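*Asks:* Handing you a structure now.
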Amino acid sequence: MKRINVIFLLLYIFFPAASVWGQSVEATDSIIRELQEVIVTAKQPSTKLVGSTLVTAIPGSNLADIGNALDVLAQLPMIKVEDNTVSVIGKDNIEIYIDGRPMRDNQELQQILSSNLKKVELLMAPGAVYESTTGAVLKITTKRNFIQGLSLTDQFQLMRRRKWSLTDLLGVIYRTGNWELFFNGSLNRSNSFIKGTTTNTLVYDGRETVVGSRQNNTYPTTAGSVKAGFNYAKGLQSLGAYYRYNPERGDFCNDGAEWLDGNAPLLRRIDRKIRAHSHLASLYYENAFADDYLLHFDGDFRQSRNKSSVATTYPESANPDVNSTDLRKSTLWAGKLYLKFPLGKGNFTVGIQGSYTHTSLDYRMLNEPVSQYIPSSLTDAKQTSAALFTSWARTFGKLSLSMGARFEYADYDFRVNGKRDGEVSRSDHLLTPDVSLVYSFNDDAQMGLSYKLTTVKPPYSQLTGSLSYTGLHEVEGGNPALHDERMHDVQLFGMWNGFMLQADFTRSLDAYAFVKQLYPADNLQLLMCPVNIDVSAFNLSLMWSKPISCWTPNATLRMYKQWLTLGNTSYKKPIFSYYFNNTFSLPRGWMITANFNGQTRGDMRTNSFGTTWFVMDASVGRTFLHKSLTVKLTATDIFNSVNNNWTMSTYGVFVDKYQSSDGRGISLNIIYNFQPRKSKYKGSSAAEEELKRL
């Protein structure tokens, strides 16, 4: 017992000191944890495998007062939180739902206090109800505390990395009778600094040639959001709507240089100004009737405009300035309707989904010589899509079965300078089935197997036909001829006495990856662009979590191995990685976290990523004024060990990229909440895939 007390005393002294040692502050990211008072006698979080879903109960656990929803997710199995972004280990394209409606931005997770969380569910094998691109679904359920009157929550964050950043989030809710009115506002002033070098080696005109560049990038950005809406619930019926406006202003600057072979570096400056805004309107209606029937409708409208101008100058040479502008506009209309009811001693869901998307890019190259190989263009893309989906689930004793199917149709029209491109425009239809089978040996031992066929559409930003000038000898662009990816996914998962296993094998046809190759021009030009590839990959993750007194460890070992050949080059070196998260509940309401991770060098798609052996993040915090005030200090990348290096060898061009980011930092987070309330908006995404592609 004395030994345990000594260990706790050392932890109490060390981790606050480690937080101070970090000499910069991180941005609004997932490592920021607003810690509240923790009771040492609280039970530990319990994660169970229910079918193919990992379910974690939060109330009463030592995570109940850890801070906000991001803090909770960062400490759960299979979930990784980095720079305010939530991901699932071994899964791509995850969807996050909060009380049944889709998460629109990460600020929503920051605005949910951990004390208001009820449970977190991670669906490892999502069915046909979700879009076929969905690799995993994270469902967050909050407590339904109905407090009449006004509630307010304000979160302020000051951060220092290589640059200063600050964020303020305000949430106000007023409830009277069956009505709930809510308003959210945010202001984010962020700045980051990243430096690096890139060297491209190839054989050109019969001899080895090197094209190199040096980057010193700053990204000052000011962004805000205003969101207002209502919810109405009476009996078994509810409806709601909201409107959100997001303005953004960015001023990117790159003070660097470029060189060819052994010539002296030529100083280069790139200035990019971005002025953007978007509008989003969403509504829902839900009606539960006849005891076991549920009818749900969602509708979305989104419109955005993004205008940017780029000026590339060479201050110490006679090279002329290279200026360009681009204007991107997009519009989305979407709707989704489904009905749930009992059928064949199970639960059956049937629904329809449709969307219309229109996006255009007006690119103007203002330098006459450069316009000979990077011409101005106006690209216009329209897509009309529709889907019909069904799913059915039933339990047979210890055996659980779920199956579904989704029929998708999409009509895609692509035009360049007003002329329809018949080779790119197309109509597609596909039936995507899924099936999952789980056997429960007992409460602590389960095993499951699932299969799913997926269609993955590339982002609209990769479908553009325009090119961008990035240097005297380098060009970047999209690829309008990219096909939709077809992916077969077989997954095995299981749980036994605190250990969890997930094995995933995928076979992807027409996936896309980036390559660098020679671009036809009068002089040496290298083009970076995406192309379709066929790749097979195997993911294996082994997790362990077992509470020990007031210490909750969560360990994950992972191996990723792919089989990809492009030209004469094979990309098959495996990547081994680990994650070790720790939560400590100490006396008097103190909470400490210490998270570690690292990975070996290996291949993912056409990139070979460098080794990162040991990365450490830590935080310490406490609540005051009966949990109304929370103060927390967080340090990220304490030992400045994050490695962002990668290499790529495609079509005879070898790229060696070294990049040093500003992940090392320290942040101060202050939260004040007055009768905090959650939103009970039940709306769901009518076209989540299209929103992400835009």
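Here, A, B, ... name the chains of the structure tokens in the order displayed, residue numbers run from 1 inside each chain, and ligands are numbered from 1 in the same displayed order.
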Show me, as a ChimeraX atom specification, the residues that have an atom within 12 Å of Gln517 (chain A) when counting only C-alpha atoms, minus same-chain residues fewer than 6 positions from it.

*Replies:* /A:200-204,473-477,524-531,567,648-655

*Asks:* Please run DSSP on the backbone and report, as a list in words, all residues within region 57-243 of chain A that come out as alpha helix (DSSP H).

*Replies:*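 Going through region 57-243 of chain A, the alpha helix (DSSP H) residues come out as Ala69, Leu70, Asp71, Val72, Leu73, Ala74, Gln107, Glu108, Leu109 and Gln110 of chain A.
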
*Asks:* Could you make a table, as JSON lines, of the residues of region 210-298 of chain A that have an atom within 12 Å of an atom of region 103-118 of chain A, each with its nearest atom pair and distance in Å to one decimal, counting only C-alpha atoms, in chain and number order?

*Replies:*
{"residue": "A:Gly224", "atom": "CA", "partner": "A:Gln107", "partner_atom": "CA", "distance": 11.0}
{"residue": "A:Ser225", "atom": "CA", "partner": "A:Gln107", "partner_atom": "CA", "distance": 10.0}
{"residue": "A:Val226", "atom": "CA", "partner": "A:Gln107", "partner_atom": "CA", "distance": 11.8}
{"residue": "A:Lys227", "atom": "CA", "partner": "A:Glu108", "partner_atom": "CA", "distance": 11.1}
{"residue": "A:Tyr242", "atom": "CA", "partner": "A:Arg104", "partner_atom": "CA", "distance": 11.8}
{"residue": "A:Tyr243", "atom": "CA", "partner": "A:Arg104", "partner_atom": "CA", "distance": 11.8}
{"residue": "A:Arg244", "atom": "CA", "partner": "A:Arg104", "partner_atom": "CA", "distance": 10.0}
{"residue": "A:Asn246", "atom": "CA", "partner": "A:Asp105", "partner_atom": "CA", "distance": 11.0}
{"residue": "A:Leu280", "atom": "CA", "partner": "A:Arg104", "partner_atom": "CA", "distance": 9.8}
{"residue": "A:Ala281", "atom": "CA", "partner": "A:Arg104", "partner_atom": "CA", "distance": 11.4}
{"residue": "A:Ser282", "atom": "CA", "partner": "A:Arg104", "partner_atom": "CA", "distance": 10.6}

*Asks:* Could those residues be written to a file, using all heavy atoms, as a PDB file, in the first residue's frame?

*Replies:*
ATOM      1  N   GLY A 224     -14.955  31.281 -38.066  1.00  0.00           N
ATOM      2  CA  GLY A 224     -16.022  31.406 -37.086  1.00  0.00           C
ATOM      3  C   GLY A 224     -17.228  30.596 -37.507  1.00  0.00           C
ATOM      4  O   GLY A 224     -17.288  30.052 -38.611  1.00  0.00           O
ATOM      5  N   SER A 225     -18.189  30.515 -36.630  1.00  0.00           N
ATOM      6  CA  SER A 225     -19.432  29.842 -36.958  1.00  0.00           C
ATOM      7  C   SER A 225     -20.548  30.404 -36.090  1.00  0.00           C
ATOM      8  O   SER A 225     -20.327  30.786 -34.935  1.00  0.00           O
ATOM      9  CB  SER A 225     -19.329  28.325 -36.761  1.00  0.00           C
ATOM     10  OG  SER A 225     -19.227  28.011 -35.389  1.00  0.00           O
ATOM     11  N   VAL A 226     -21.735  30.458 -36.681  1.00  0.00           N
ATOM     12  CA  VAL A 226     -22.939  30.862 -35.977  1.00  0.00           C
ATOM     13  C   VAL A 226     -24.001  29.823 -36.296  1.00  0.00           C
ATOM     14  O   VAL A 226     -24.266  29.543 -37.474  1.00  0.00           O
ATOM     15  CB  VAL A 226     -23.417  32.262 -36.392  1.00  0.00           C
ATOM     16  CG1 VAL A 226     -24.717  32.608 -35.689  1.00  0.00           C
ATOM     17  CG2 VAL A 226     -22.368  33.304 -36.076  1.00  0.00           C
ATOM     18  N   LYS A 227     -24.579  29.235 -35.263  1.00  0.00           N
ATOM     19  CA  LYS A 227     -25.558  28.179 -35.464  1.00  0.00           C
ATOM     20  C   LYS A 227     -26.756  28.423 -34.552  1.00  0.00           C
ATOM     21  O   LYS A 227     -26.592  28.664 -33.354  1.00  0.00           O
ATOM     22  CB  LYS A 227     -24.937  26.816 -35.146  1.00  0.00           C
ATOM     23  CG  LYS A 227     -25.882  25.627 -35.257  1.00  0.00           C
ATOM     24  CD  LYS A 227     -25.152  24.340 -34.900  1.00  0.00           C
ATOM     25  CE  LYS A 227     -26.066  23.136 -34.916  1.00  0.00           C
ATOM     26  NZ  LYS A 227     -25.359  21.895 -34.531  1.00  0.00           N
ATOM     27  N   TYR A 242     -32.120  23.597 -37.927  1.00  0.00           N
ATOM     28  CA  TYR A 242     -31.127  24.609 -37.580  1.00  0.00           C
ATOM     29  C   TYR A 242     -30.489  25.168 -38.846  1.00  0.00           C
ATOM     30  O   TYR A 242     -30.548  24.574 -39.932  1.00  0.00           O
ATOM     31  CB  TYR A 242     -30.061  24.060 -36.621  1.00  0.00           C
ATOM     32  CG  TYR A 242     -29.069  23.089 -37.239  1.00  0.00           C
ATOM     33  CD1 TYR A 242     -27.978  23.543 -37.972  1.00  0.00           C
ATOM     34  CD2 TYR A 242     -29.199  21.721 -37.047  1.00  0.00           C
ATOM     35  CE1 TYR A 242     -27.065  22.667 -38.515  1.00  0.00           C
ATOM     36  CE2 TYR A 242     -28.281  20.829 -37.578  1.00  0.00           C
ATOM     37  CZ  TYR A 242     -27.213  21.316 -38.314  1.00  0.00           C
ATOM     38  OH  TYR A 242     -26.311  20.446 -38.858  1.00  0.00           O
ATOM     39  N   TYR A 243     -29.860  26.336 -38.660  1.00  0.00           N
ATOM     40  CA  TYR A 243     -29.115  26.994 -39.739  1.00  0.00           C
ATOM     41  C   TYR A 243     -27.725  27.315 -39.197  1.00  0.00           C
ATOM     42  O   TYR A 243     -27.583  27.768 -38.055  1.00  0.00           O
ATOM     43  CB  TYR A 243     -29.811  28.271 -40.188  1.00  0.00           C
ATOM     44  CG  TYR A 243     -28.922  29.180 -41.023  1.00  0.00           C
ATOM     45  CD1 TYR A 243     -28.677  28.901 -42.365  1.00  0.00           C
ATOM     46  CD2 TYR A 243     -28.315  30.300 -40.459  1.00  0.00           C
ATOM     47  CE1 TYR A 243     -27.854  29.719 -43.122  1.00  0.00           C
ATOM     48  CE2 TYR A 243     -27.491  31.123 -41.207  1.00  0.00           C
ATOM     49  CZ  TYR A 243     -27.257  30.825 -42.538  1.00  0.00           C
ATOM     50  OH  TYR A 243     -26.430  31.633 -43.281  1.00  0.00           O
ATOM     51  N   ARG A 244     -26.711  27.096 -40.038  1.00  0.00           N
ATOM     52  CA  ARG A 244     -25.347  27.385 -39.627  1.00  0.00           C
ATOM     53  C   ARG A 244     -24.611  28.146 -40.719  1.00  0.00           C
ATOM     54  O   ARG A 244     -24.722  27.814 -41.907  1.00  0.00           O
ATOM     55  CB  ARG A 244     -24.581  26.088 -39.328  1.00  0.00           C
ATOM     56  CG  ARG A 244     -23.237  26.320 -38.642  1.00  0.00           C
ATOM     57  CD  ARG A 244     -22.467  25.029 -38.507  1.00  0.00           C
ATOM     58  NE  ARG A 244     -21.967  24.567 -39.797  1.00  0.00           N
ATOM     59  CZ  ARG A 244     -21.425  23.380 -40.013  1.00  0.00           C
ATOM     60  NH1 ARG A 244     -21.357  22.509 -39.028  1.00  0.00           N
ATOM     61  NH2 ARG A 244     -20.989  23.028 -41.204  1.00  0.00           N
ATOM     62  N   ASN A 246     -20.709  29.608 -41.725  1.00  0.00           N
ATOM     63  CA  ASN A 246     -19.282  29.497 -41.430  1.00  0.00           C
ATOM     64  C   ASN A 246     -18.458  30.387 -42.341  1.00  0.00           C
ATOM     65  O   ASN A 246     -18.280  30.067 -43.526  1.00  0.00           O
ATOM     66  CB  ASN A 246     -18.815  28.048 -41.605  1.00  0.00           C
ATOM     67  CG  ASN A 246     -19.337  27.128 -40.549  1.00  0.00           C
ATOM     68  OD1 ASN A 246     -20.394  26.534 -40.707  1.00  0.00           O
ATOM     69  ND2 ASN A 246     -18.618  27.011 -39.447  1.00  0.00           N
ATOM     70  N   LEU A 280     -25.470  26.141 -44.198  1.00  0.00           N
ATOM     71  CA  LEU A 280     -26.015  24.799 -44.021  1.00  0.00           C
ATOM     72  C   LEU A 280     -27.351  24.900 -43.294  1.00  0.00           C
ATOM     73  O   LEU A 280     -27.445  25.526 -42.237  1.00  0.00           O
ATOM     74  CB  LEU A 280     -25.061  23.916 -43.206  1.00  0.00           C
ATOM     75  CG  LEU A 280     -25.581  22.520 -42.839  1.00  0.00           C
ATOM     76  CD1 LEU A 280     -25.790  21.681 -44.080  1.00  0.00           C
ATOM     77  CD2 LEU A 280     -24.632  21.823 -41.870  1.00  0.00           C
ATOM     78  N   ALA A 281     -28.383  24.306 -43.882  1.00  0.00           N
ATOM     79  CA  ALA A 281     -29.697  24.223 -43.254  1.00  0.00           C
ATOM     80  C   ALA A 281     -30.090  22.759 -43.166  1.00  0.00           C
ATOM     81  O   ALA A 281     -29.952  22.012 -44.141  1.00  0.00           O
ATOM     82  CB  ALA A 281     -30.733  25.005 -44.051  1.00  0.00           C
ATOM     83  N   SER A 282     -30.574  22.347 -42.009  1.00  0.00           N
ATOM     84  CA  SER A 282     -30.912  20.940 -41.795  1.00  0.00           C
ATOM     85  C   SER A 282     -32.200  20.851 -40.990  1.00  0.00           C
ATOM     86  O   SER A 282     -32.457  21.671 -40.101  1.00  0.00           O
ATOM     87  CB  SER A 282     -29.779  20.232 -41.048  1.00  0.00           C
ATOM     88  OG  SER A 282     -30.057  18.868 -40.864  1.00  0.00           O
TER      89      SER A 282
END

*Asks:* Just want the 8 Å neighbourhood of Lys452 (chain A), counted on only C-alpha atoms, with same-chain residues fewer than 3 positions away dropped. Output as a PyMOL selection string.

*Replies:* chain A and resi 125+432-435+488-490

*Asks:* Take the residues from that selection and put them in a file with N, CA, C and O atoms, as a short mmCIF file (atom, residue, chain, number, x, y, z; two decimals), in the first residue's frame.

*Replies:*
data_model
loop_
_atom_site.label_atom_id
_atom_site.label_comp_id
_atom_site.auth_asym_id
_atom_site.auth_seq_id
_atom_site.Cartn_x
_atom_site.Cartn_y
_atom_site.Cartn_z
N ALA A 125 -18.92 -3.06 -37.90
CA ALA A 125 -19.43 -3.57 -39.18
C ALA A 125 -20.77 -2.91 -39.48
O ALA A 125 -21.82 -3.55 -39.38
N THR A 432 -24.84 -3.39 -53.03
CA THR A 432 -23.81 -3.66 -52.03
C THR A 432 -24.42 -4.41 -50.85
O THR A 432 -25.15 -3.83 -50.05
N PRO A 433 -24.14 -5.70 -50.71
CA PRO A 433 -24.67 -6.48 -49.59
C PRO A 433 -23.74 -6.42 -48.38
O PRO A 433 -22.55 -6.10 -48.50
N ASP A 434 -24.28 -6.76 -47.22
CA ASP A 434 -23.46 -6.90 -46.01
C ASP A 434 -24.10 -7.95 -45.11
O ASP A 434 -25.33 -8.11 -45.10
N VAL A 435 -23.26 -8.65 -44.36
CA VAL A 435 -23.75 -9.67 -43.44
C VAL A 435 -22.79 -9.75 -42.26
O VAL A 435 -21.57 -9.60 -42.42
N HIS A 488 -14.02 -4.92 -51.20
CA HIS A 488 -14.52 -6.09 -50.48
C HIS A 488 -13.83 -6.13 -49.12
O HIS A 488 -12.60 -6.08 -49.03
N ASP A 489 -14.62 -6.24 -48.05
CA ASP A 489 -14.07 -6.16 -46.70
C ASP A 489 -14.56 -7.36 -45.88
O ASP A 489 -15.76 -7.55 -45.69
N VAL A 490 -13.62 -8.18 -45.40
CA VAL A 490 -13.91 -9.30 -44.51
C VAL A 490 -13.26 -9.01 -43.17
O VAL A 490 -12.07 -8.71 -43.09
#

*Asks:* Counting only C-alpha atoms, which residue out of A:Ser440, A:Ser355, A:Thr142, A:Ser577 sits closest to Glu408 (chain A)?

*Replies:*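 Smallest separation from Glu408 (chain A) among the options: A:Ser355.
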
*Asks:* Give me, as JSON lines, the closest atom pair and its distance (Å, one decimal) for every residue of region 472-506 of chain A within a cut-off of 12 Å of region 410-413 of chain A, counting only C-alpha atoms, rows sorted by chain and rising number.

*Replies:*
{"residue": "A:Pro480", "atom": "CA", "partner": "A:Asp413", "partner_atom": "CA", "distance": 11.0}
{"residue": "A:Ala481", "atom": "CA", "partner": "A:Tyr412", "partner_atom": "CA", "distance": 11.7}
{"residue": "A:His483", "atom": "CA", "partner": "A:Tyr412", "partner_atom": "CA", "distance": 11.4}
{"residue": "A:Asp484", "atom": "CA", "partner": "A:Ala410", "partner_atom": "CA", "distance": 10.9}

*Asks:* Nearest to Lys573 (chain A): which of A:Asn84, A:Leu492, A:Met604, A:Lys546 is it, counting only C-alpha atoms?

*Replies:*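 Under the stated criterion, the closest residue is A:Met604.
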
*Asks:* Given the choices A:Glu82, A:Glu423, A:Asp662, A:Asp65, which gets closest to Asn595 (chain A) if the distance is worked out from only C-alpha atoms?

*Replies:*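 Among A:Glu82, A:Glu423, A:Asp662, A:Asp65, it is A:Glu82 that comes nearest to Asn595 (chain A).
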
*Asks:* From the DSSP assignment of the backbone, select every residue of region 311-507 of chain A that is strand (DSSP E or B), and format the answer as JSON, numbers by chain.

*Replies:* {"A": [311, 312, 313, 322, 323, 324, 325, 326, 327, 328, 329, 330, 331, 332, 333, 334, 335, 336, 337, 338, 339, 340, 341, 342, 343, 346, 347, 348, 349, 350, 351, 352, 353, 354, 355, 356, 357, 358, 359, 360, 361, 362, 363, 364, 365, 377, 378, 379, 380, 381, 382, 383, 384, 385, 386, 387, 388, 389, 390, 391, 392, 393, 394, 395, 396, 399, 400, 401, 402, 403, 404, 405, 406, 407, 408, 409, 410, 411, 412, 413, 414, 415, 416, 419, 420, 426, 427, 428, 429, 430, 431, 432, 433, 434, 435, 436, 437, 438, 439, 440, 441, 442, 445, 446, 447, 448, 449, 450, 451, 452, 453, 454, 455, 456, 467, 468, 469, 470, 471, 474, 475, 476, 477, 485, 486, 487, 488, 489, 490, 491, 492, 493, 494, 495, 496, 499, 500, 501, 502, 503, 504, 505, 506, 507]}

*Asks:* Taking into account only C-alpha atoms, which residue in the set A:Thr390, A:Thr569, A:Ser400, A:Gln303 is nearest to Thr357 (chain A)?

*Replies:*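 The shortest atom-to-atom distance to Thr357 (chain A) comes from A:Gln303.
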
*Asks:* What lies within 12 Å of region 370-376 of chain A using only C-alpha atoms, ignoring chain neighbours under 2 positions off, as an MDAnalysis selection string?

*Replies:* chainID A and resid 312 319:327 361:368 378:379 416:417 465:477 519:527

*Asks:* Looking at A:Gly448, A:Gly610, A:Asn217, A:Ala311, which one is nearest to Trp646 (chain A), with distances taken over only C-alpha atoms?

*Replies:*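 Ranking A:Gly448, A:Gly610, A:Asn217, A:Ala311 by distance to Trp646 (chain A), first place goes to A:Gly610.
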
*Asks:* Mind checking which residues fall within 7 Å of Ile638 (chain A), counting only C-alpha atoms, ignoring those fewer than 2 positions away in the same chain, and posting them as an NGL selection string?

*Replies:* :A and (22 or 616-617 or 635-636 or 640 or 664)

*Asks:* Near region 85-96 of chain A, counting only C-alpha atoms, which residues have an atom at most 8 Å away, once you skip same-chain residues fewer than 6 positions from it, shown as a list in words?

*Replies:*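 Final neighbour list, sorted by chain and number: Asp29, Ser30, Leu70, Leu73, Met78, Ile79, Pro102, Met103, Asn106, Thr133, Thr134, Gly135, Ala136, Val137, Leu138, Lys139, Ile140, Asp504, Asn539, Leu540, Ser541 and Tyr560 of chain A.
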
*Asks:* I need the residue nearest Leu482 (chain A) from this list: A:Tyr285, A:Phe505, A:Tyr579, A:Tyr512. Use only C-alpha atoms for the distance.

*Replies:*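 Looking only at the distances to Leu482 (chain A), the closest residue turns out to be A:Tyr512.
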
*Asks:* Just give me the gap between CA of Gln75 (chain A) and CA of Pro547 (chain A) in Å, one decimal is fine.

*Replies:*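 Taking CA of Gln75 (chain A) as the start and CA of Pro547 (chain A) as the end point, the length is 12.2 Å.
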